[in-house]
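start.cif follows (mmCIF, C-alpha atoms):
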```cif
data_data
#
loop_
_atom_site.label_atom_id
_atom_site.label_comp_id
_atom_site.auth_asym_id
_atom_site.auth_seq_id
_atom_site.Cartn_x
_atom_site.Cartn_y
_atom_site.Cartn_z
CA MET A 1 18.39 -20.92 -30.97
CA GLU A 2 15.52 -22.53 -32.84
CA VAL A 3 13.49 -22.75 -29.65
CA SER A 4 14.12 -19.14 -28.62
CA ASN A 5 13.17 -17.87 -32.09
CA ALA A 6 9.98 -19.92 -31.93
CA PHE A 7 9.16 -18.26 -28.61
CA PHE A 8 9.33 -14.71 -29.93
CA GLN A 9 7.73 -15.49 -33.29
CA GLY A 10 5.00 -17.84 -32.12
CA VAL A 11 3.33 -15.87 -29.31
CA PRO A 12 -0.40 -16.14 -30.13
CA ILE A 13 -2.51 -13.01 -30.20
CA TRP A 14 -4.97 -14.44 -27.66
CA LEU A 15 -2.22 -14.42 -25.06
CA TRP A 16 -1.83 -10.64 -25.33
CA TRP A 17 -5.60 -10.27 -25.06
CA MET A 18 -5.51 -12.44 -21.96
CA PHE A 19 -2.82 -10.30 -20.33
CA GLY A 20 -4.75 -7.15 -21.21
CA GLY A 21 -7.96 -8.62 -19.80
CA LEU A 22 -6.23 -9.59 -16.56
CA LEU A 23 -4.81 -6.07 -16.20
CA LEU A 24 -8.23 -4.52 -16.85
CA MET A 25 -9.92 -6.87 -14.38
CA SER A 26 -7.35 -6.02 -11.70
CA LEU A 27 -7.95 -2.29 -12.18
CA LEU A 28 -11.72 -2.73 -12.09
CA TRP A 29 -11.47 -4.82 -8.95
CA HIS A 30 -9.24 -2.22 -7.28
CA TYR A 31 -11.70 0.60 -8.04
CA ARG A 32 -14.83 -1.55 -7.86
CA HIS A 33 -16.60 0.75 -5.38
CA HIS A 34 -16.30 3.82 -7.62
CA VAL A 35 -16.97 1.90 -10.82
CA SER A 36 -20.16 0.28 -9.51
CA PHE A 37 -21.43 3.65 -8.20
CA GLU A 38 -20.92 5.38 -11.55
CA LEU A 39 -22.42 2.47 -13.48
CA LYS A 40 -25.57 2.56 -11.33
CA LYS A 41 -25.82 6.30 -11.85
CA ILE A 42 -25.61 5.82 -15.62
CA TYR A 43 -28.17 3.02 -15.46
CA CYS A 44 -30.63 5.30 -13.68
CA LEU A 45 -30.27 8.02 -16.33
CA LEU A 46 -30.55 5.86 -19.45
CA PRO A 47 -33.46 6.84 -21.70
CA PHE A 48 -36.29 4.37 -22.34
CA ILE A 49 -34.69 1.49 -20.41
CA GLY A 50 -33.24 3.43 -17.46
CA LEU A 51 -34.35 2.80 -13.90
CA ILE A 52 -35.90 6.25 -13.44
CA THR A 53 -37.93 5.87 -16.63
CA ARG A 54 -39.34 2.55 -15.44
CA LEU A 55 -39.93 3.60 -11.82
CA ALA A 56 -41.63 6.88 -12.75
CA LYS A 57 -44.78 5.00 -13.74
CA ASP A 58 -45.26 3.83 -10.13
CA ALA A 59 -46.32 7.01 -8.31
CA GLU A 60 -48.69 5.44 -5.79
CA LYS A 61 -48.03 5.45 -2.07
CA PRO A 62 -49.15 2.80 0.39
CA ALA A 63 -51.68 3.80 3.01
CA ASN A 64 -50.36 6.21 5.66
CA ALA A 65 -46.92 6.16 4.02
CA LEU A 66 -44.65 9.09 3.29
CA TRP A 67 -42.65 7.47 0.48
CA THR A 68 -43.72 5.94 -2.78
CA ARG A 69 -42.45 2.47 -3.56
CA ALA A 70 -40.40 3.78 -6.48
CA GLU A 71 -38.66 6.37 -4.32
CA ARG A 72 -37.67 3.76 -1.78
CA VAL A 73 -36.29 1.49 -4.50
CA LEU A 74 -34.13 4.29 -5.89
CA CYS A 75 -32.84 5.37 -2.48
CA SER A 76 -32.07 1.78 -1.48
CA ILE A 77 -29.72 1.46 -4.47
CA PHE A 78 -27.42 4.28 -3.30
CA TYR A 79 -27.85 3.82 0.44
CA PRO A 80 -25.13 1.09 0.74
CA TYR A 81 -22.49 3.51 -0.59
CA LEU A 82 -22.75 5.56 2.58
CA PRO A 83 -20.83 4.22 5.58
CA GLU A 84 -22.34 4.28 9.00
CA TRP A 85 -22.89 7.71 10.44
CA ILE A 86 -19.87 7.75 12.71
CA ASP A 87 -17.36 10.20 14.09
CA TYR A 88 -14.52 10.08 11.58
CA GLY A 89 -12.13 11.55 14.10
CA SER A 90 -12.66 8.64 16.50
CA LEU A 91 -12.31 6.18 13.61
CA TRP A 92 -8.93 7.70 12.76
CA ASP A 93 -7.86 7.43 16.41
CA LYS A 94 -8.94 3.77 16.64
CA ALA A 95 -7.08 2.74 13.48
CA THR A 96 -3.96 4.68 14.45
CA LEU A 97 -3.97 3.20 17.95
CA TYR A 98 -4.31 -0.33 16.59
CA LEU A 99 -1.35 0.06 14.23
CA GLN A 100 0.75 1.69 16.94
CA ARG A 101 0.16 -1.13 19.39
CA CYS A 102 1.08 -3.82 16.85
CA SER A 103 4.12 -1.77 15.70
CA GLU A 104 2.95 -1.48 12.09
CA LEU A 105 2.11 2.21 11.84
CA GLY A 106 3.62 3.47 8.57
CA ARG A 107 3.88 0.02 6.99
CA LYS A 108 2.30 -0.46 3.57
CA PRO A 109 1.29 -3.33 1.28
CA CYS A 110 3.32 -4.19 -1.80
CA PRO A 111 3.17 -1.21 -4.21
CA LEU A 112 1.82 -1.62 -7.72
CA TRP A 113 5.13 -0.90 -9.47
CA LEU A 114 6.92 -3.54 -7.41
CA GLY A 115 4.17 -6.06 -8.19
CA ALA A 116 4.61 -5.31 -11.90
CA ALA A 117 8.39 -5.73 -11.59
CA ILE A 118 7.96 -9.06 -9.80
CA PHE A 119 5.53 -10.19 -12.51
CA LEU A 120 8.02 -9.23 -15.25
CA ILE A 121 10.90 -11.03 -13.54
CA LEU A 122 8.63 -14.02 -13.00
CA CYS A 123 7.88 -14.10 -16.74
CA LEU A 124 11.60 -13.88 -17.58
CA GLU A 125 12.37 -16.64 -15.11
CA ALA A 126 9.59 -18.85 -16.50
CA SER A 127 10.81 -18.20 -20.06
CA ALA A 128 14.34 -19.17 -19.07
CA PHE A 129 13.07 -22.37 -17.52
CA GLY A 130 10.98 -22.97 -20.64
CA ILE A 131 13.93 -22.61 -23.01
CA LEU A 132 15.99 -24.94 -20.84
CA LEU A 133 13.26 -27.53 -20.25
CA SER A 134 11.92 -27.56 -23.81
CA ASP A 135 14.43 -30.21 -24.86
CA PHE A 136 13.40 -32.51 -22.03
CA VAL A 137 9.66 -32.66 -22.75
CA VAL A 138 8.02 -34.85 -25.38
CA GLN A 139 10.48 -35.04 -28.24
CA ASN A 140 8.05 -35.49 -31.13
CA LEU A 141 6.39 -32.10 -30.60
CA PRO A 142 7.17 -29.07 -32.80
CA ALA A 143 9.61 -26.55 -31.39
CA ARG A 144 6.84 -24.03 -30.59
CA TYR A 145 4.76 -26.48 -28.55
CA LYS A 146 7.81 -27.86 -26.82
CA LEU A 147 8.67 -24.34 -25.76
CA TRP A 148 5.19 -23.59 -24.43
CA ALA A 149 5.18 -26.85 -22.51
CA GLY A 150 8.50 -25.83 -20.96
CA VAL A 151 7.19 -22.34 -20.17
CA ALA A 152 4.12 -23.84 -18.48
CA ILE A 153 6.36 -25.97 -16.28
CA GLY A 154 8.57 -22.93 -15.67
CA CYS A 155 5.55 -20.85 -14.57
CA VAL A 156 4.63 -23.48 -12.00
CA ILE A 157 8.19 -23.66 -10.67
CA SER A 158 8.58 -19.86 -10.59
CA GLY A 159 5.24 -19.40 -8.83
CA VAL A 160 6.08 -21.95 -6.16
CA LEU A 161 9.50 -20.37 -5.59
CA LEU A 162 7.99 -16.88 -5.32
CA TYR A 163 5.43 -18.09 -2.78
CA LEU A 164 8.10 -19.84 -0.69
CA THR A 165 10.53 -16.91 -0.68
CA HIS A 166 7.72 -14.46 0.12
CA SER A 167 6.60 -16.69 2.99
CA ALA A 168 10.18 -16.84 4.25
CA GLY A 169 10.44 -13.05 4.24
CA ARG A 170 7.14 -12.72 6.05
CA GLU A 171 8.28 -15.31 8.61
CA GLN A 172 11.48 -13.40 9.33
CA TYR A 173 9.50 -10.17 9.69
CA LEU A 174 7.23 -11.93 12.20
CA ASN A 175 10.32 -13.23 14.02
CA SER A 176 11.55 -9.66 14.40
CA HIS A 177 8.30 -8.79 16.20
CA ILE A 178 8.59 -11.90 18.38
CA ALA A 179 12.16 -10.94 19.28
CA LYS A 180 11.03 -7.43 20.23
CA ILE A 181 8.22 -8.79 22.41
CA ARG A 182 10.52 -11.27 24.15
CA ASP A 183 13.13 -8.57 24.74
CA GLU A 184 10.56 -6.24 26.32
CA TYR A 185 9.21 -9.10 28.40
CA ALA A 186 12.69 -10.03 29.63
CA ASN A 187 13.35 -6.42 30.68
CA ARG A 188 9.95 -5.84 32.31
CA PRO A 189 9.83 -4.01 35.64
CA ALA A 190 9.60 -5.84 38.95
CA SER A 191 5.90 -5.04 39.32
CA GLU A 192 5.13 -7.24 36.28
CA THR A 193 7.15 -10.31 37.27
CA GLU A 194 4.05 -12.46 37.78
CA MET A 195 2.52 -11.56 34.43
CA GLY A 196 2.83 -14.30 31.81
CA LEU A 197 3.56 -13.80 28.14
CA ARG A 198 0.06 -14.53 26.84
CA PRO A 199 -2.18 -12.53 24.47
CA PHE A 200 -5.22 -10.78 25.87
CA PRO A 201 -8.41 -12.29 24.36
CA ASP A 202 -11.09 -10.50 22.33
CA VAL A 203 -8.93 -7.53 21.36
CA SER A 204 -10.08 -5.94 18.08
CA LEU A 205 -10.00 -2.72 16.14
CA ASP A 206 -13.29 -1.55 17.63
CA HIS A 207 -12.64 -2.90 21.14
CA PRO A 208 -9.13 -2.11 22.47
CA LEU A 209 -9.71 -3.87 25.79
CA ASP A 210 -6.04 -4.03 26.83
CA SER A 211 -5.34 -0.35 27.41
CA GLY A 212 -4.03 -0.87 30.93
CA LEU A 213 -1.70 -3.78 30.09
CA PRO A 214 2.02 -3.61 29.24
CA SER A 215 3.05 -2.75 25.70
CA TYR A 216 4.39 -6.25 24.95
CA ILE A 217 0.99 -7.80 25.83
CA GLN A 218 -0.77 -5.25 23.62
CA HIS A 219 1.67 -6.05 20.82
CA LEU A 220 1.26 -9.81 21.17
CA SER A 221 -2.55 -9.60 21.38
CA ARG A 222 -2.72 -8.09 17.87
CA LEU A 223 -0.32 -10.40 16.05
CA ASP A 224 -1.64 -13.12 13.77
CA TYR A 225 0.34 -15.73 15.70
CA ARG A 226 -0.51 -18.94 17.53
CA GLY A 227 1.45 -21.25 19.75
CA LYS A 228 4.52 -20.54 21.83
CA VAL A 229 6.03 -17.07 21.58
CA GLN A 230 9.21 -18.26 19.88
CA PRO A 231 10.83 -17.59 16.49
CA ARG A 232 10.00 -20.00 13.69
CA HIS A 233 12.08 -20.92 10.66
CA TRP A 234 10.07 -23.59 8.85
CA ALA A 235 9.25 -21.46 5.82
CA THR A 236 12.81 -20.16 5.57
CA VAL A 237 14.36 -23.64 5.68
CA MET A 238 11.88 -24.95 3.12
CA ALA A 239 12.49 -22.00 0.80
CA LEU A 240 16.26 -22.42 0.98
CA THR A 241 15.97 -26.14 0.35
CA VAL A 242 13.72 -25.77 -2.68
CA VAL A 243 15.73 -22.87 -4.16
CA CYS A 244 19.01 -24.78 -3.82
CA THR A 245 17.44 -27.93 -5.26
CA VAL A 246 16.01 -26.08 -8.26
CA GLY A 247 19.29 -24.21 -8.82
CA VAL A 248 21.48 -27.33 -8.70
CA THR A 249 19.03 -29.30 -10.87
CA THR A 250 18.93 -26.51 -13.45
CA TYR A 251 22.72 -26.40 -13.57
CA LYS A 252 22.90 -30.17 -14.05
CA LEU A 253 20.30 -29.99 -16.85
CA ARG A 254 22.26 -27.26 -18.56
CA GLU A 255 25.51 -29.23 -18.32
CA SER A 256 23.77 -32.33 -19.70
CA LEU A 257 22.28 -30.35 -22.58
CA HIS A 258 25.64 -28.70 -23.33
CA HIS A 259 27.39 -32.08 -23.33
CA ASP A 260 24.82 -33.56 -25.71
CA GLN A 261 25.14 -30.60 -28.07
CA THR A 262 28.95 -30.85 -28.01
CA VAL A 263 28.87 -34.57 -28.81
CA ALA A 264 26.38 -34.00 -31.62
CA THR A 265 28.52 -31.21 -33.09
CA GLN A 266 31.62 -33.37 -32.97
CA LYS A 267 29.82 -36.22 -34.74
CA GLN A 268 28.58 -33.91 -37.49
CA THR A 269 32.04 -32.43 -38.11
CA ALA A 270 33.92 -35.75 -37.82
CA THR A 271 36.18 -36.62 -40.82
CA PRO A 272 38.17 -39.73 -41.79
CA PRO A 273 41.75 -39.99 -40.52
CA LEU A 274 44.11 -37.71 -42.42
CA THR A 275 47.79 -38.03 -43.20
CA GLU A 276 50.28 -35.80 -41.45
CA GLU A 277 50.66 -33.52 -44.49
CA GLU A 278 46.86 -33.07 -44.82
CA ALA A 279 46.54 -32.38 -41.11
CA LEU A 280 49.24 -29.71 -41.30
CA LEU A 281 47.57 -28.06 -44.28
CA LEU A 282 44.07 -28.01 -42.67
CA SER A 283 45.20 -26.98 -39.20
CA SER A 284 45.94 -23.44 -40.34
CA GLY A 285 42.71 -23.13 -42.34
CA SER A 286 39.11 -24.15 -41.80
CA ASP A 287 39.73 -26.21 -38.64
CA ALA A 288 41.23 -23.21 -36.88
CA SER A 289 38.25 -20.98 -37.78
CA ALA A 290 35.79 -23.71 -36.74
CA SER A 291 37.53 -24.10 -33.41
CA ALA A 292 37.42 -20.36 -32.81
CA ALA A 293 33.72 -20.21 -33.66
CA PHE A 294 33.01 -23.11 -31.33
CA GLN A 295 34.84 -21.35 -28.49
CA VAL A 296 32.90 -18.13 -29.12
CA ASN A 297 29.56 -19.99 -29.05
CA GLU A 298 30.54 -21.79 -25.88
CA ALA A 299 31.52 -18.53 -24.16
CA THR A 300 28.25 -16.90 -25.27
CA ALA A 301 26.22 -19.80 -23.90
CA ARG A 302 28.14 -19.64 -20.63
CA TRP A 303 27.49 -15.91 -20.21
CA GLY A 304 23.86 -16.38 -21.16
CA PHE A 305 23.40 -19.05 -18.53
CA LEU A 306 25.17 -16.80 -16.01
CA GLY A 307 22.66 -14.02 -16.81
CA LEU A 308 19.77 -16.41 -16.31
CA GLY A 309 21.31 -17.40 -13.00
CA PHE A 310 21.34 -13.76 -11.88
CA ILE A 311 17.68 -13.43 -12.89
CA PHE A 312 16.88 -16.53 -10.87
CA LEU A 313 18.69 -15.29 -7.76
CA GLY A 314 17.26 -11.79 -8.17
CA ALA A 315 13.72 -13.15 -8.32
CA GLN A 316 14.20 -15.10 -5.10
CA ALA A 317 15.80 -12.15 -3.32
CA LEU A 318 13.01 -9.84 -4.49
CA GLY A 319 10.36 -12.28 -3.25
CA PHE A 320 12.06 -12.46 0.16
CA LEU A 321 12.44 -8.68 0.48
CA CYS A 322 8.85 -8.13 -0.62
CA GLY A 323 7.62 -10.47 2.12
CA TYR A 324 9.85 -8.81 4.72
CA HIS A 325 9.26 -5.13 3.95
CA PHE A 326 5.62 -5.12 2.80
CA GLY A 327 2.38 -6.57 4.09
CA PHE A 328 0.94 -6.89 7.58
CA ILE A 329 1.02 -9.50 10.32
CA GLY A 330 -1.49 -7.86 12.65
CA LYS A 331 -4.90 -9.50 12.76
CA GLN A 332 -6.69 -6.33 11.63
CA ALA A 333 -3.69 -4.27 10.58
CA ARG A 334 -4.64 -4.34 6.90
CA GLU A 335 -8.17 -3.20 7.75
CA ALA A 336 -6.76 -0.34 9.80
CA TYR A 337 -4.44 0.62 6.95
CA GLN A 338 -7.36 0.64 4.50
CA ILE A 339 -9.08 3.15 6.78
CA LEU A 340 -6.09 5.48 7.03
CA LYS A 341 -4.60 5.26 3.54
CA CYS A 342 -6.78 8.00 2.03
CA ALA A 343 -5.20 10.82 4.07
CA GLN A 344 -1.99 11.83 5.80
CA ASN A 345 -3.50 13.35 8.95
CA LYS A 346 -6.70 13.44 10.94
CA GLU A 347 -8.05 16.69 9.48
CA ALA A 348 -7.51 15.52 5.89
CA PHE A 349 -9.12 12.19 6.76
CA GLU A 350 -12.27 13.83 8.09
CA SER A 351 -12.44 16.19 5.11
CA TYR A 352 -12.01 13.35 2.60
CA ASN A 353 -14.75 11.19 4.08
CA ARG A 354 -17.20 14.06 4.43
CA HIS A 355 -16.58 15.06 0.83
CA ARG A 356 -17.19 11.47 -0.28
CA ASP A 357 -20.44 11.27 1.68
CA ASP A 358 -21.57 14.64 0.33
CA TYR A 359 -20.96 13.45 -3.24
CA VAL A 360 -23.07 10.32 -2.71
CA ILE A 361 -25.88 12.30 -1.07
CA TYR A 362 -25.80 14.98 -3.78
CA THR A 363 -25.90 12.43 -6.60
CA ALA A 364 -28.70 10.38 -5.02
CA GLN A 365 -30.72 13.52 -4.28
CA ARG A 366 -30.46 14.74 -7.87
CA LEU A 367 -31.66 11.38 -9.16
CA LEU A 368 -34.47 11.33 -6.59
CA GLU A 369 -35.64 14.77 -7.70
CA LYS A 370 -35.59 13.65 -11.31
CA LEU A 371 -37.71 10.61 -10.38
CA GLN A 372 -40.18 12.75 -8.42
CA GLN A 373 -40.56 15.10 -11.37
CA ARG A 374 -41.33 12.21 -13.68
CA GLN A 375 -43.81 10.80 -11.15
CA ARG A 376 -45.75 14.05 -10.99
CA GLN A 377 -45.97 14.10 -14.76
CA TYR A 378 -47.40 10.59 -14.83
CA ALA A 379 -49.71 11.09 -11.83
CA ASN A 380 -51.51 14.39 -12.28
CA GLY A 381 -49.79 16.29 -15.03
CA GLY A 382 -47.35 18.12 -12.79
CA GLY A 383 -49.43 18.83 -9.71
CA TYR A 384 -47.67 19.81 -6.48
CA ASP A 385 -47.16 17.25 -3.71
CA ASN A 386 -47.32 18.70 -0.19
CA ASP A 387 -44.96 16.04 1.21
CA LEU A 388 -42.43 16.40 -1.58
CA ASP A 389 -40.01 18.56 0.41
CA LYS A 390 -39.92 15.93 3.18
CA ARG A 391 -38.93 13.08 0.87
CA THR A 392 -35.19 13.65 0.46
CA PHE A 393 -32.36 11.17 0.33
CA ARG A 394 -30.93 12.52 3.56
CA ARG A 395 -34.32 11.91 5.23
CA TYR A 396 -34.29 8.35 3.90
CA VAL A 397 -30.83 7.76 5.39
CA GLN A 398 -31.96 9.13 8.75
CA GLU A 399 -34.96 6.79 8.77
CA MET A 400 -32.74 3.81 8.02
CA ARG A 401 -30.25 4.77 10.73
CA SER A 402 -32.67 5.66 13.54
CA PRO A 403 -36.27 4.82 12.59
CA GLU A 404 -37.56 5.22 16.15
CA GLU A 405 -36.42 8.82 16.35
CA VAL A 406 -37.92 9.70 12.97
CA LEU A 407 -41.25 8.06 13.80
CA SER A 408 -41.54 9.91 17.07
CA THR A 409 -40.76 13.21 15.36
CA ARG A 410 -43.36 12.50 12.66
CA SER A 411 -46.08 11.62 15.18
CA SER A 412 -45.43 14.72 17.26
CA SER A 413 -45.64 16.95 14.20
CA THR A 414 -48.95 15.29 13.22
CA VAL A 415 -50.49 15.95 16.64
CA SER A 416 -49.45 19.58 16.58
#
```

Structure translated into structure tokens:
Amino acid sequence: MEVSNAFFQGVPIWLWWMFGGLLLMSLLWHYRHHVSFELKKIYCLLPFIGLITRLAKDAEKPANALWTRAERVLCSIFYPYLPEWIDYGSLWDKATLYLQRCSELGRKPCPLWLGAAIFLILCLEASAFGILLSDFVVQNLPARYKLWAGVAIGCVISGVLLYLTHSAGREQYLNSHIAKIRDEYANRPASETEMGLRPFPDVSLDHPLDSGLPSYIQHLSRLDYRGKVQPRHWATVMALTVVCTVGVTTYKLRESLHHDQTVATQKQTATPPLTEEEALLLSSGSDASASAAFQVNEATARWGFLGLGFIFLGAQALGFLCGYHFGFIGKQAREAYQILKCAQNKEAFESYNRHRDDYVIYTAQRLLEKLQQRQRQYANGGGYDNDLDKRTFRRYVQEMRSPEEVLSTRSSSTVS
């Protein structure tokens, strides 16, 4: 009880700041593309120290050049946020075809709420290990530090168990794909009897080179799998071994701790031998109430340990199910999912990507116009530039994508 009270009363404030910082960093990393774009836009618009304010002073153009150096610097900052000029419909078809052939169309990574639930259960499991292990670490430490040492050990144990159970679930999910491939191969038609069960080389998301091959070869060619096409159980056996070992060891530690506490309690309450009359008088009084209290405490401790056992088993089952039902085993299945996750169908996918590209182009063009206005003010007090209408962000993107075509167009217009 002293250790558990020390846990709830002695949590340092820096730990909460650390958890908050980790959560903020995870959100920033998840939305890093949007965050970096908005931060660069703000940086360009800052007064006095902003990028546009500093670049506006450089309004000179190199000889026979259309762009000023400052304009190219500004456009180059926002150019990487545009993907390659591709047909979004064909990109959707490629990603969908890849996931279909590796039988992972519709599969998703672990959702955020489930990750938060696993993290919470992991913390509860580590705390339970910490409370149990705190009496087996260095004995001369205060109760608070003993608890944190136990929690640190519990975090390591819980993390290793979660990794093993997740790997076991992923292994069994991979075995289900191997079983499906072997079943299709065993029931192949007579015309494919001479075809071996080997993956086709150099198959990728952009180059589906196995279109004319059987479905089981297409499936196998996209799996992240090496060696013989047979089920494997190494991760599952290791996970079961470690989970059973940790469970049995924890039970033995609890029994040892309970025995030591019982012996210590009996020594503290031990009294000299009494006569028969004194024993009869005390048996109906304080000894009876003490015995009842001891039984209540023992039952409470037993139920508490049973609850911790359910948390332990639930954490392992959740790790296994998370590895089995979420995640990808295709070589580029996650990349294909990242392409398709923004929309539910092909039309919505094309509309979403075009809207995103239009927003980048619109934002960059507005900033470019603002820079050009400042340049005219610095150069000649607002004079008109004949080539100003040609220097747009869209023109810059076209030059970067196909410079030969732009140069030929420019030279032909000059001759005419």

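As for CA of Gln172 in chain A and CA of Gln100 in chain A, they are spaced 20.0 Å apart.
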
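Taking only C-alpha atoms into account, His219 in chain A lies nearest to A:Leu174 out of the set A:Leu174, A:Ile118, A:Leu313, A:Ala239.
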
*Just how far from CA of Asn345 in chain A is CA of Cys102 in chain A, in Å to one decimal?*
19.4 Å

Using all atoms listed in the file, what does the table of range 28-137 of chain A residues within 12 Å of range 221-225 of chain A look like, with each row giving the shortest atom pair and its distance in Å to one decimal, sorted by chain and ascending number, as a Markdown table?
```
| residue | atom | partner | partner_atom | distance |
| --- | --- | --- | --- | --- |
| A:Leu97 | CA | A:Arg222 | CA | 11.4 |
| A:Tyr98 | CA | A:Arg222 | CA | 8.0 |
| A:Leu99 | CA | A:Arg222 | CA | 9.0 |
| A:Gln100 | CA | A:Arg222 | CA | 10.4 |
| A:Arg101 | CA | A:Arg222 | CA | 7.7 |
| A:Cys102 | CA | A:Arg222 | CA | 5.8 |
| A:Ser103 | CA | A:Arg222 | CA | 9.6 |
| A:Glu104 | CA | A:Leu223 | CA | 10.3 |
```

Hey, can you spit out that residue selection with C-alpha atoms as a compact mmCIF listing (two decimals), keeping the file's coordinate frame?
```txt
# COMPACT_ATOMS: atom_id res chain seq x y z
CA LEU A 97 -3.97 3.20 17.95
CA TYR A 98 -4.31 -0.33 16.59
CA LEU A 99 -1.35 0.06 14.23
CA GLN A 100 0.75 1.69 16.94
CA ARG A 101 0.16 -1.13 19.39
CA CYS A 102 1.08 -3.82 16.85
CA SER A 103 4.12 -1.77 15.70
CA GLU A 104 2.95 -1.48 12.09
```

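Rounded to one decimal, CA of Ser204 in chain A and CA of Leu82 in chain A lie 23.1 Å from each other.
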
*Spatial neighbours of Lys40 in chain A, 10 Å, all atoms listed in the file, chain gap at least 3 places, as a ChimeraX atom specification*: /A:35-37,43-45,50-51,77-78

*Distance query Asp58 in chain A at most 12 Å, all atoms listed in the file, self and fewer than 2 positions along chain excluded, as number ranges by chain*: A: 51-56, 60-62, 67-74, 371-372, 374-379

Residues just named, written with C-alpha atoms as a short mmCIF file (atom, residue, chain, number, x, y, z; two decimals), keeping the file's coordinate frame:
```
data_model
loop_
_atom_site.label_atom_id
_atom_site.label_comp_id
_atom_site.auth_asym_id
_atom_site.auth_seq_id
_atom_site.Cartn_x
_atom_site.Cartn_y
_atom_site.Cartn_z
CA LEU A 51 -34.35 2.80 -13.90
CA ILE A 52 -35.90 6.25 -13.44
CA THR A 53 -37.93 5.87 -16.63
CA ARG A 54 -39.34 2.55 -15.44
CA LEU A 55 -39.93 3.60 -11.82
CA ALA A 56 -41.63 6.88 -12.75
CA GLU A 60 -48.69 5.44 -5.79
CA LYS A 61 -48.03 5.45 -2.07
CA PRO A 62 -49.15 2.80 0.39
CA TRP A 67 -42.65 7.47 0.48
CA THR A 68 -43.72 5.94 -2.78
CA ARG A 69 -42.45 2.47 -3.56
CA ALA A 70 -40.40 3.78 -6.48
CA GLU A 71 -38.66 6.37 -4.32
CA ARG A 72 -37.67 3.76 -1.78
CA VAL A 73 -36.29 1.49 -4.50
CA LEU A 74 -34.13 4.29 -5.89
CA LEU A 371 -37.71 10.61 -10.38
CA GLN A 372 -40.18 12.75 -8.42
CA ARG A 374 -41.33 12.21 -13.68
CA GLN A 375 -43.81 10.80 -11.15
CA ARG A 376 -45.75 14.05 -10.99
CA GLN A 377 -45.97 14.10 -14.76
CA TYR A 378 -47.40 10.59 -14.83
CA ALA A 379 -49.71 11.09 -11.83
#
```

*Starting from the displayed file, determine the output of the PyMOL selection byres ((chain A and resi 119-129) around 8) and express the residue list as JSON, numbers by chain.*
{"A": [115, 116, 117, 118, 130, 131, 132, 133, 150, 151, 152, 153, 154, 155, 157, 158, 159, 308, 311, 312, 315]}

*asked:* With the PyMOL selection byres ((chain A and resi 349-363) around 8) as the selection, what would be picked from this file? Answer as a ChimeraX atom specification, please.
replied: /A:78,81-82,88-89,92,340,342-348,364-367,393-394

Could you write out that same residue set with C-alpha atoms as a JSON list (two decimals), keeping the file's coordinate frame?
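Once everything was written out, this is out-v8.json:
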```json
[["chain", "number", "residue", "atom", "x", "y", "z"],
["A", 78, "PHE", "CA", -27.42, 4.28, -3.30],
["A", 81, "TYR", "CA", -22.49, 3.51, -0.59],
["A", 82, "LEU", "CA", -22.75, 5.56, 2.58],
["A", 88, "TYR", "CA", -14.52, 10.08, 11.58],
["A", 89, "GLY", "CA", -12.13, 11.55, 14.10],
["A", 92, "TRP", "CA", -8.93, 7.70, 12.76],
["A", 340, "LEU", "CA", -6.09, 5.48, 7.03],
["A", 342, "CYS", "CA", -6.78, 8.00, 2.03],
["A", 343, "ALA", "CA", -5.20, 10.82, 4.07],
["A", 344, "GLN", "CA", -1.99, 11.83, 5.80],
["A", 345, "ASN", "CA", -3.50, 13.35, 8.95],
["A", 346, "LYS", "CA", -6.70, 13.44, 10.94],
["A", 347, "GLU", "CA", -8.05, 16.69, 9.48],
["A", 348, "ALA", "CA", -7.51, 15.52, 5.89],
["A", 364, "ALA", "CA", -28.70, 10.38, -5.02],
["A", 365, "GLN", "CA", -30.72, 13.52, -4.28],
["A", 366, "ARG", "CA", -30.46, 14.74, -7.87],
["A", 367, "LEU", "CA", -31.66, 11.38, -9.16],
["A", 393, "PHE", "CA", -32.36, 11.17, 0.33],
["A", 394, "ARG", "CA", -30.93, 12.52, 3.56]]
```

*Find the residues around Gln332 in chain A up to 7 Å (all atoms listed in the file counted), leave out those fewer than 3 positions away in its own chain, and share them as an MDAnalysis selection string.*
chainID A and resid 205 335:336

*Between A:Ala168, A:Cys322, A:Val248, A:Val156, single out the one closest to Thr236 in chain A, counting only C-alpha atoms.*
A:Ala168

What would range 187-192 of chain A look like with N, CA and C atoms in place, written as a tab-separated table (two decimals), in the coordinates of the input?
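Written out: rebuild34.tsv:
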```
chain	number	residue	atom	x	y	z
A	187	ASN	N	12.92	-7.62	29.97
A	187	ASN	CA	13.35	-6.42	30.68
A	187	ASN	C	12.17	-5.71	31.35
A	188	ARG	N	11.12	-6.43	31.67
A	188	ARG	CA	9.95	-5.84	32.31
A	188	ARG	C	10.27	-5.42	33.74
A	189	PRO	N	9.56	-4.45	34.27
A	189	PRO	CA	9.83	-4.01	35.64
A	189	PRO	C	9.42	-5.07	36.66
A	190	ALA	N	9.85	-4.86	37.89
A	190	ALA	CA	9.60	-5.84	38.95
A	190	ALA	C	8.11	-5.99	39.25
A	191	SER	N	7.34	-4.96	39.02
A	191	SER	CA	5.90	-5.04	39.32
A	191	SER	C	5.15	-5.96	38.37
A	192	GLU	N	5.78	-6.38	37.27
A	192	GLU	CA	5.13	-7.24	36.28
A	192	GLU	C	5.76	-8.62	36.22
```
